[in-house]
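A.B. asks: Input: one structure, supplied below.
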Amino acid sequence: MIILGVNAYHADASACLVRDGKVVAAVEEERITRRKHTAGFPGNAIKACLEIAGISHSEIDVIAIAKDPKANLHGRLLEGAKRLLNPKLLIERLSVAAKAVDLGTEVANALGVPRSEIRAELVPVEHHIAHVASAWLYGLAEPAAGVSVDGSGDFLSTLISKCENGRIEKLVSVEYPHSLGYFYTIMTQYLGFPNYGDEYKVMGLAAMGKPVYLDKMREIVHLKKDDLFRLNLDYFIHHTGGVEMAWESGEPSLSTMYSEKLIDLLGPAREKGSEVTQHHADLAASTQAFYEEALIHVLKEAKRLTGFDTLAMAGGCAQNSLANGRCPQQAGFRKVYVPPSGHDGGTSVGAALYAALVRGDTVVPGLTPYLGRSVKEEDAIAYLDKKGIAWRKLAEDELLEEVVSCVSDGGVIGWVQGRAEWGPRALGARSILADARNPGIKDILNLKIKRRESFRPFAPSVPIERAGEWFVLDEATSSIPYMEKVIPVREDAREKIPSVTHHDGTARAQLVQKEMNERYWKLLQRMGERTGVPILINTSFNENEPIVDSEVDAIECFARTKMDMLVIGDLMVRRGQGGN
Ligand SMILES: [Fe+2]
């Protein structure tokens with residue numbers, strides 16, 4: 001059976017293809033449109049997935065969409081009644097629902113084929129079931145507590161479920177407008193980071209502060225025994241219809257979601273671009289500490305209700321790698337699975353796998369995140385020649401030597417290998433690499449390419465076999481293939497890898513498995529042989545844009561920035577050696 005999974009009419013629109021229970025392609029729309037978090041319909045991503053998998057549109061049996069307009073009707077009706085007072089919002093909602101119904105036409109239009117050639121059956125999958133499925137079915141075939149912690153989707157913000165025997169059984173949920181995701185969002189906005197998806201900046205800043213305002217955070221959200229939690233809505237305006245959500249040029253933006261009462265509680269908000277003070281760092285630390293307190297509360301309930309040792313967690317909040325690395329253990333979970341794409345982009349995969357399961361296919365646990373488009377050598381050569389950029393083709397051994405030498409000399413390298421990563425993090429297929437031992441490399445990276453806020457950390461990659469020498473691991477963090485959990489750097493290692501050790505002594509490490517990305521694993525091993533440190537900085541290959549996808553994106557980014565070397569497959573380009 002061939003299933004097309006889509007996340008549409010949400011931010012982070014995406015598509016995937018599942019053939020006989022196995023994910024064979026998955027692409028986020030933003031990689032192709034080159035606009036971050038592209039919302040709307042993932043027409044380009046659908047096209048790309050069909051091309052990658054060599055599947056014709058007429059072969060698709062099922063289209064699974066991560067949205068179910070009939071789900072959670074009770075809450076929807078109540079909210080709908082309130083929204084009758086606000087016709088603009090009601091019209092927006094209705095148009096979104098209408099689009100979801102006519103998905104087959106949207107697919108046909110995107111592919112430029114007659115509607116009659118799309119014979120697939122439409123299967124709506126509730127947003128949070130899709131999140132949970134993306135965590136459980138993608139990587140696991142064992143019983144697990146399935147938890148989705150999110151902003152909102154299909155009228156819920158949080159779901160605890162029991163995943164067992166091929167079924168996802170809903171146990172407890174929290175309805176909109178109460179949402180831990182929205183709590184984190186208002187604090188992100190308050191701290192002067194207004195862009196959609198800026199929450200990770202607060203997570204980075206948290207390490208610089210102390211959680212001295214934890215009591216004030218507890219004013220904003222109340223943890224409950226039976227209902228998990230409730231927002232104190234006095235501090236919010238999203239439930240009043242006063243928040244604008246726009247999709248300018250496909251990129252989502254959100255107007256301010258907090259009320260004046262938050263200013264009364266915490267003082268004046270930080271203006272975007274103004275100085276980040278210790279006060280702001282303390283507020284970020286308090287936000288993160290409270291989020292972790294709330295997550296542990298939710299996870300303890302999931303543990304109590306299911307009794308399982310394994311946790312499968314997704315949802316926008318599951319992108320909080322700091323919490324992922326330390327909260328599940330405190331709630332009693334021994335094994336933790338978070339997918340490479342925990343945010344809404346990942347729901348296309350969750351919806352498709354869930355549809356496969358309910359249609360009776362045997363779902364193949366597929367752990368590889370390398371599900372995107374490949375780069376062809378001849379295309380890369382053609383574009384380099386067109387730009388007049390000199391290149392060399394090297395055997396693997398020589399290529400790895402050159403990269404290690406360049407990195408050791410303080411160089412910054414654009415590294416493109418094989419199929420692009422699924423999810424928001426570069427994992428050694430579209431990465432920028434640098435030397436983790438070099439204390440000045442963060443400044444160089446920011447100067448040459450990234451121009452990020454100075455408080456944001458850079459993440460390391462290490463071969464999984466050698467991770468224990470450098471990082472403190474436990475059972476729940478013994479496998480981190482997707483940079484989805486932050487872990488402590490061993491005290492005796494911190495001085496040796498200063499550029500990836502954050503202010504709180506942690507790192508968002510990727511533990512690289514040979515069978516997942518052999519060339520990258522070999523590169524890290526070679527780095528270890530040559531320098532004694534088998535670790536590289538791995539940051540996404542981009543410059544204030546989505547991660548590069550095609551050879552053109554990579555070559556253009558290299559040409560625009562001051563990277564020292566570009567590697568595409570076996571091809572190597574050095575800056576300053578002809579035409580660049
Ligand atoms: Fe979501």
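Following the order of the structure tokens, first chain is A, next is B, and so on, with residues numbered from 1 inside each chain and ligands from 1 in the order they appear.
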Can you tell me which residues come within 7 Å of ligand 1 when counting only C-alpha atoms and all ligand atoms, ideally as a PyMOL selection string?

C.D. replies: chain A and resi 127-128+131+150-153+315-316+343-344

A.B. asks: Using DSSP secondary structure from the backbone, list all helix (DSSP H, G or I) positions within range 342-542 of chain A, as JSON, numbers by chain.

C.D. replies: {"A": [344, 345, 346, 347, 348, 349, 350, 351, 352, 353, 354, 355, 356, 357, 358, 377, 378, 379, 380, 381, 382, 383, 384, 385, 386, 387, 396, 397, 398, 399, 400, 401, 402, 403, 404, 405, 406, 407, 408, 441, 442, 443, 444, 445, 446, 447, 448, 449, 450, 464, 465, 466, 467, 468, 469, 475, 476, 477, 491, 492, 493, 498, 499, 500, 518, 519, 520, 521, 522, 523, 524, 525, 526, 527, 528, 529, 530, 531]}

A.B. asks: Which of these, A:Glu556, A:Glu271, A:Glu421, A:Glu551, has the shortest distance to Lys376 in chain A once you count only C-alpha atoms?

C.D. replies: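 So, comparing all the options, the nearest one is A:Glu551.
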
A.B. asks: Residues at most 12 Å from Ala323 in chain A, counting only C-alpha atoms, excluding those fewer than 2 positions away in the same chain, as a ChimeraX atom specification?

C.D. replies: /A:149,200,203-204,206,287-296,299,313,317-321,325-331,336,338,477,484-487,506,508

A.B. asks: Can you write out the residues you just picked, keeping N, CA and C atoms, as an mmCIF file, in the first residue's frame?

C.D. replies:
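Resulting contents of selection-v6.cif:
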```cif
data_model
loop_
_atom_site.group_PDB
_atom_site.id
_atom_site.type_symbol
_atom_site.label_atom_id
_atom_site.label_comp_id
_atom_site.auth_asym_id
_atom_site.auth_seq_id
_atom_site.Cartn_x
_atom_site.Cartn_y
_atom_site.Cartn_z
ATOM 1 N N VAL A 149 2.978 17.076 23.487
ATOM 2 C CA VAL A 149 2.937 18.349 24.213
ATOM 3 C C VAL A 149 3.197 19.437 23.175
ATOM 4 N N TYR A 200 13.457 28.322 20.764
ATOM 5 C CA TYR A 200 14.762 27.726 21.046
ATOM 6 C C TYR A 200 15.790 28.764 21.512
ATOM 7 N N MET A 203 15.461 28.874 25.180
ATOM 8 C CA MET A 203 16.094 27.667 25.720
ATOM 9 C C MET A 203 17.615 27.868 25.807
ATOM 10 N N GLY A 204 18.212 28.474 24.794
ATOM 11 C CA GLY A 204 19.652 28.738 24.804
ATOM 12 C C GLY A 204 20.034 29.759 25.864
ATOM 13 N N ALA A 206 18.498 30.381 28.602
ATOM 14 C CA ALA A 206 18.201 29.898 29.961
ATOM 15 C C ALA A 206 19.475 29.494 30.711
ATOM 16 N N THR A 287 11.532 30.437 32.853
ATOM 17 C CA THR A 287 10.595 29.871 31.875
ATOM 18 C C THR A 287 10.936 28.403 31.632
ATOM 19 N N GLN A 288 12.215 28.141 31.394
ATOM 20 C CA GLN A 288 12.648 26.768 31.117
ATOM 21 C C GLN A 288 12.423 25.877 32.349
ATOM 22 N N ALA A 289 12.785 26.399 33.532
ATOM 23 C CA ALA A 289 12.637 25.590 34.754
ATOM 24 C C ALA A 289 11.164 25.262 34.987
ATOM 25 N N PHE A 290 10.293 26.251 34.748
ATOM 26 C CA PHE A 290 8.878 25.953 34.966
ATOM 27 C C PHE A 290 8.370 24.972 33.917
ATOM 28 N N TYR A 291 8.796 25.148 32.671
ATOM 29 C CA TYR A 291 8.360 24.202 31.638
ATOM 30 C C TYR A 291 8.762 22.777 32.031
ATOM 31 N N GLU A 292 9.977 22.627 32.550
ATOM 32 C CA GLU A 292 10.431 21.287 32.942
ATOM 33 C C GLU A 292 9.603 20.752 34.114
ATOM 34 N N GLU A 293 9.288 21.641 35.061
ATOM 35 C CA GLU A 293 8.440 21.233 36.195
ATOM 36 C C GLU A 293 7.085 20.730 35.674
ATOM 37 N N ALA A 294 6.517 21.467 34.728
ATOM 38 C CA ALA A 294 5.204 21.101 34.170
ATOM 39 C C ALA A 294 5.304 19.809 33.351
ATOM 40 N N LEU A 295 6.386 19.680 32.580
ATOM 41 C CA LEU A 295 6.541 18.467 31.760
ATOM 42 C C LEU A 295 6.685 17.231 32.653
ATOM 43 N N ILE A 296 7.475 17.348 33.709
ATOM 44 C CA ILE A 296 7.633 16.203 34.623
ATOM 45 C C ILE A 296 6.273 15.834 35.215
ATOM 46 N N LEU A 299 4.404 14.000 32.540
ATOM 47 C CA LEU A 299 5.002 12.684 32.273
ATOM 48 C C LEU A 299 4.782 11.717 33.437
ATOM 49 N N MET A 313 7.518 10.573 22.721
ATOM 50 C CA MET A 313 7.048 11.951 22.918
ATOM 51 C C MET A 313 7.277 12.797 21.664
ATOM 52 N N CYS A 317 6.539 21.093 21.685
ATOM 53 C CA CYS A 317 7.364 21.211 22.899
ATOM 54 C C CYS A 317 8.429 20.120 22.967
ATOM 55 N N ALA A 318 8.264 19.055 22.200
ATOM 56 C CA ALA A 318 9.283 17.994 22.179
ATOM 57 C C ALA A 318 10.522 18.435 21.403
ATOM 58 N N GLN A 319 10.497 19.663 20.858
ATOM 59 C CA GLN A 319 11.726 20.236 20.287
ATOM 60 C C GLN A 319 12.588 20.829 21.409
ATOM 61 N N ASN A 320 12.054 20.849 22.643
ATOM 62 C CA ASN A 320 12.829 21.372 23.772
ATOM 63 C C ASN A 320 13.804 20.294 24.232
ATOM 64 N N SER A 321 14.968 20.263 23.576
ATOM 65 C CA SER A 321 15.926 19.174 23.803
ATOM 66 C C SER A 321 16.492 19.181 25.221
ATOM 67 N N GLY A 325 16.159 15.809 27.575
ATOM 68 C CA GLY A 325 17.338 15.109 28.084
ATOM 69 C C GLY A 325 17.257 14.779 29.556
ATOM 70 N N ARG A 326 16.376 15.441 30.309
ATOM 71 C CA ARG A 326 16.400 15.198 31.758
ATOM 72 C C ARG A 326 15.050 15.002 32.445
ATOM 73 N N CYS A 327 13.936 15.336 31.789
ATOM 74 C CA CYS A 327 12.638 15.210 32.463
ATOM 75 C C CYS A 327 12.070 13.785 32.469
ATOM 76 N N PRO A 328 12.133 13.044 31.340
ATOM 77 C CA PRO A 328 11.505 11.717 31.340
ATOM 78 C C PRO A 328 12.040 10.798 32.433
ATOM 79 N N GLN A 329 13.355 10.858 32.704
ATOM 80 C CA GLN A 329 13.934 10.007 33.745
ATOM 81 C C GLN A 329 13.326 10.345 35.100
ATOM 82 N N GLN A 330 13.106 11.643 35.327
ATOM 83 C CA GLN A 330 12.567 12.061 36.628
ATOM 84 C C GLN A 330 11.117 11.630 36.801
ATOM 85 N N ALA A 331 10.474 11.309 35.685
ATOM 86 C CA ALA A 331 9.092 10.814 35.759
ATOM 87 C C ALA A 331 9.063 9.279 35.771
ATOM 88 N N VAL A 336 13.476 6.537 26.106
ATOM 89 C CA VAL A 336 12.748 7.716 25.614
ATOM 90 C C VAL A 336 12.959 7.852 24.122
ATOM 91 N N VAL A 338 12.137 10.332 20.958
ATOM 92 C CA VAL A 338 11.649 11.609 20.398
ATOM 93 C C VAL A 338 12.056 11.607 18.931
ATOM 94 N N THR A 477 19.378 8.352 27.705
ATOM 95 C CA THR A 477 20.109 9.195 26.744
ATOM 96 C C THR A 477 21.223 8.410 26.044
ATOM 97 N N GLU A 484 18.200 15.263 19.727
ATOM 98 C CA GLU A 484 16.914 15.592 20.334
ATOM 99 C C GLU A 484 16.967 15.704 21.861
ATOM 100 N N LYS A 485 18.153 15.457 22.445
ATOM 101 C CA LYS A 485 18.267 15.558 23.905
ATOM 102 C C LYS A 485 19.574 16.257 24.259
ATOM 103 N N VAL A 486 19.496 17.144 25.243
ATOM 104 C CA VAL A 486 20.708 17.792 25.753
ATOM 105 C C VAL A 486 21.237 16.961 26.914
ATOM 106 N N ILE A 487 22.566 16.786 26.956
ATOM 107 C CA ILE A 487 23.178 15.967 28.009
ATOM 108 C C ILE A 487 24.357 16.719 28.626
ATOM 109 N N THR A 506 26.384 21.756 29.527
ATOM 110 C CA THR A 506 25.651 20.756 28.741
ATOM 111 C C THR A 506 25.980 20.889 27.253
ATOM 112 N N ARG A 508 24.086 19.742 23.208
ATOM 113 C CA ARG A 508 23.011 19.081 22.443
ATOM 114 C C ARG A 508 23.681 18.142 21.443
#
```

A.B. asks: Given the choices A:Gly414, A:Pro424, A:Gly345, A:Pro488, which gets closest to Ser134 in chain A if the distance is worked out from only C-alpha atoms?

C.D. replies: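 When distances to Ser134 in chain A are compared using only C-alpha atoms, the smallest one comes from A:Gly345.
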
A.B. asks: Tell me, as a PyMOL selection string, which residues lie within 10 Å of Ser286 in chain A, counting only C-alpha atoms; anything in the same chain fewer than 5 positions away does not count.

C.D. replies: chain A and resi 187+206+209-218+280-281+291-292

A.B. asks: Those same residues, written as a compact mmCIF listing (two decimals), in the first residue's frame with all heavy atoms?

C.D. replies:
```txt
# COMPACT_ATOMS: atom_id res chain seq x y z
N MET A 187 6.27 33.82 26.76
CA MET A 187 7.53 34.23 27.39
C MET A 187 8.59 34.55 26.32
O MET A 187 9.41 35.44 26.50
CB MET A 187 8.02 33.15 28.35
CG MET A 187 7.17 33.00 29.61
SD MET A 187 6.91 34.58 30.48
CE MET A 187 8.61 35.03 30.88
N ALA A 206 18.50 30.38 28.60
CA ALA A 206 18.20 29.90 29.96
C ALA A 206 19.48 29.49 30.71
O ALA A 206 19.57 29.66 31.93
CB ALA A 206 17.23 28.72 29.89
N GLY A 209 21.15 32.09 33.00
CA GLY A 209 20.45 32.70 34.13
C GLY A 209 20.14 31.74 35.26
O GLY A 209 20.48 30.56 35.22
N LYS A 210 19.46 32.29 36.28
CA LYS A 210 18.99 31.48 37.42
C LYS A 210 17.46 31.58 37.47
O LYS A 210 16.90 32.65 37.22
CB LYS A 210 19.57 32.04 38.72
CG LYS A 210 21.09 31.99 38.81
CD LYS A 210 21.50 31.07 39.95
CE LYS A 210 22.99 30.79 40.06
NZ LYS A 210 23.72 30.68 38.83
N PRO A 211 16.80 30.50 37.83
CA PRO A 211 15.33 30.52 37.80
C PRO A 211 14.71 31.24 39.01
O PRO A 211 13.92 30.67 39.75
CB PRO A 211 14.97 29.03 37.79
CG PRO A 211 16.10 28.35 38.47
CD PRO A 211 17.34 29.18 38.19
N VAL A 212 15.09 32.50 39.18
CA VAL A 212 14.65 33.23 40.38
C VAL A 212 13.18 33.67 40.29
O VAL A 212 12.62 34.12 41.28
CB VAL A 212 15.57 34.46 40.62
CG1 VAL A 212 16.96 34.01 41.00
CG2 VAL A 212 15.61 35.37 39.40
N TYR A 213 12.59 33.57 39.10
CA TYR A 213 11.19 33.99 38.96
C TYR A 213 10.23 32.81 38.82
O TYR A 213 9.15 32.93 38.25
CB TYR A 213 11.05 34.90 37.73
CG TYR A 213 11.89 36.15 37.80
CD1 TYR A 213 12.95 36.34 36.92
CD2 TYR A 213 11.64 37.12 38.76
CE1 TYR A 213 13.74 37.49 36.99
CE2 TYR A 213 12.42 38.27 38.84
CZ TYR A 213 13.47 38.44 37.95
OH TYR A 213 14.24 39.58 38.04
N LEU A 214 10.65 31.68 39.34
CA LEU A 214 9.83 30.46 39.21
C LEU A 214 8.43 30.66 39.81
O LEU A 214 7.43 30.20 39.22
CB LEU A 214 10.56 29.30 39.89
CG LEU A 214 10.18 27.88 39.53
CD1 LEU A 214 10.13 27.66 38.04
CD2 LEU A 214 11.18 26.90 40.17
N ASP A 215 8.36 31.36 40.92
CA ASP A 215 7.05 31.57 41.55
C ASP A 215 6.12 32.37 40.63
O ASP A 215 4.91 32.13 40.59
CB ASP A 215 7.20 32.33 42.88
CG ASP A 215 7.68 31.39 43.97
OD1 ASP A 215 7.67 30.16 43.72
OD2 ASP A 215 8.07 31.89 45.04
N LYS A 216 6.70 33.32 39.89
CA LYS A 216 5.86 34.11 38.97
C LYS A 216 5.38 33.25 37.81
O LYS A 216 4.26 33.42 37.31
CB LYS A 216 6.65 35.32 38.46
CG LYS A 216 7.00 36.26 39.60
CD LYS A 216 7.39 37.63 39.12
CE LYS A 216 7.81 38.46 40.33
NZ LYS A 216 7.32 39.78 40.39
N MET A 217 6.21 32.32 37.38
CA MET A 217 5.78 31.40 36.31
C MET A 217 4.60 30.55 36.80
O MET A 217 3.68 30.27 36.06
CB MET A 217 6.94 30.48 35.89
CG MET A 217 8.16 31.19 35.36
SD MET A 217 7.85 32.19 33.88
CE MET A 217 8.26 33.83 34.47
N ARG A 218 4.67 30.19 38.09
CA ARG A 218 3.58 29.37 38.66
C ARG A 218 2.28 30.15 38.78
O ARG A 218 1.22 29.57 38.96
CB ARG A 218 4.01 28.83 40.03
CG ARG A 218 5.13 27.80 39.93
CD ARG A 218 5.52 27.27 41.31
NE ARG A 218 6.66 26.38 41.23
CZ ARG A 218 7.73 26.44 42.01
NH1 ARG A 218 7.81 27.36 42.97
NH2 ARG A 218 8.72 25.58 41.87
N HIS A 280 16.94 39.30 31.85
CA HIS A 280 16.30 38.52 30.78
C HIS A 280 16.74 37.07 30.84
O HIS A 280 15.93 36.15 30.64
CB HIS A 280 16.64 39.12 29.41
CG HIS A 280 16.18 40.53 29.25
ND1 HIS A 280 17.00 41.54 28.81
CD2 HIS A 280 14.98 41.10 29.50
CE1 HIS A 280 16.32 42.68 28.79
NE2 HIS A 280 15.10 42.43 29.21
N ALA A 281 18.03 36.86 31.13
CA ALA A 281 18.52 35.47 31.24
C ALA A 281 17.83 34.76 32.40
O ALA A 281 17.47 33.58 32.29
CB ALA A 281 20.04 35.48 31.43
N TYR A 291 8.80 25.15 32.67
CA TYR A 291 8.36 24.20 31.64
C TYR A 291 8.76 22.78 32.03
O TYR A 291 7.97 21.83 31.89
CB TYR A 291 8.93 24.57 30.25
CG TYR A 291 8.65 23.46 29.27
CD1 TYR A 291 7.33 23.20 28.87
CD2 TYR A 291 9.65 22.61 28.82
CE1 TYR A 291 7.05 22.14 28.03
CE2 TYR A 291 9.37 21.56 27.97
CZ TYR A 291 8.07 21.32 27.59
OH TYR A 291 7.77 20.25 26.77
N GLU A 292 9.98 22.63 32.55
CA GLU A 292 10.43 21.29 32.94
C GLU A 292 9.60 20.75 34.11
O GLU A 292 9.25 19.57 34.15
CB GLU A 292 11.92 21.32 33.29
CG GLU A 292 12.76 21.60 32.04
CD GLU A 292 14.26 21.55 32.28
OE1 GLU A 292 14.71 20.98 33.30
OE2 GLU A 292 14.99 22.11 31.45
```

A.B. asks: Looking only at strand (DSSP E or B) from DSSP on the backbone, list the matching residues of range 308-438 of chain A as a ChimeraX atom specification.

C.D. replies: /A:310-314,335-337,370,392-393,413-416,421,430-435

A.B. asks: Those same residues, written as a JSON list (two decimals), in the first residue's frame with C-alpha atoms?

C.D. replies:
```
[["chain", "number", "residue", "atom", "x", "y", "z"],
["A", 310, "THR", "CA", 9.13, 3.56, 27.48],
["A", 311, "LEU", "CA", 8.04, 7.05, 26.51],
["A", 312, "ALA", "CA", 7.31, 8.16, 22.94],
["A", 313, "MET", "CA", 7.05, 11.95, 22.92],
["A", 314, "ALA", "CA", 6.39, 14.49, 20.17],
["A", 335, "LYS", "CA", 13.71, 4.55, 27.48],
["A", 336, "VAL", "CA", 12.75, 7.72, 25.61],
["A", 337, "TYR", "CA", 11.96, 8.16, 21.98],
["A", 370, "TYR", "CA", 17.92, 10.83, 5.78],
["A", 392, "ARG", "CA", 38.41, 18.59, -7.25],
["A", 393, "LYS", "CA", 37.07, 15.07, -6.97],
["A", 413, "ILE", "CA", 33.29, 23.61, 6.15],
["A", 414, "GLY", "CA", 30.02, 23.22, 4.30],
["A", 415, "TRP", "CA", 29.31, 19.49, 4.18],
["A", 416, "VAL", "CA", 26.70, 17.97, 1.84],
["A", 421, "GLU", "CA", 17.76, 15.29, 6.82],
["A", 430, "ARG", "CA", 23.55, 19.31, 5.19],
["A", 431, "SER", "CA", 25.86, 20.55, 7.96],
["A", 432, "ILE", "CA", 28.46, 23.19, 8.64],
["A", 433, "LEU", "CA", 31.40, 21.62, 10.47],
["A", 434, "ALA", "CA", 34.10, 23.17, 12.63],
["A", 435, "ASP", "CA", 36.56, 22.26, 15.41]]
```
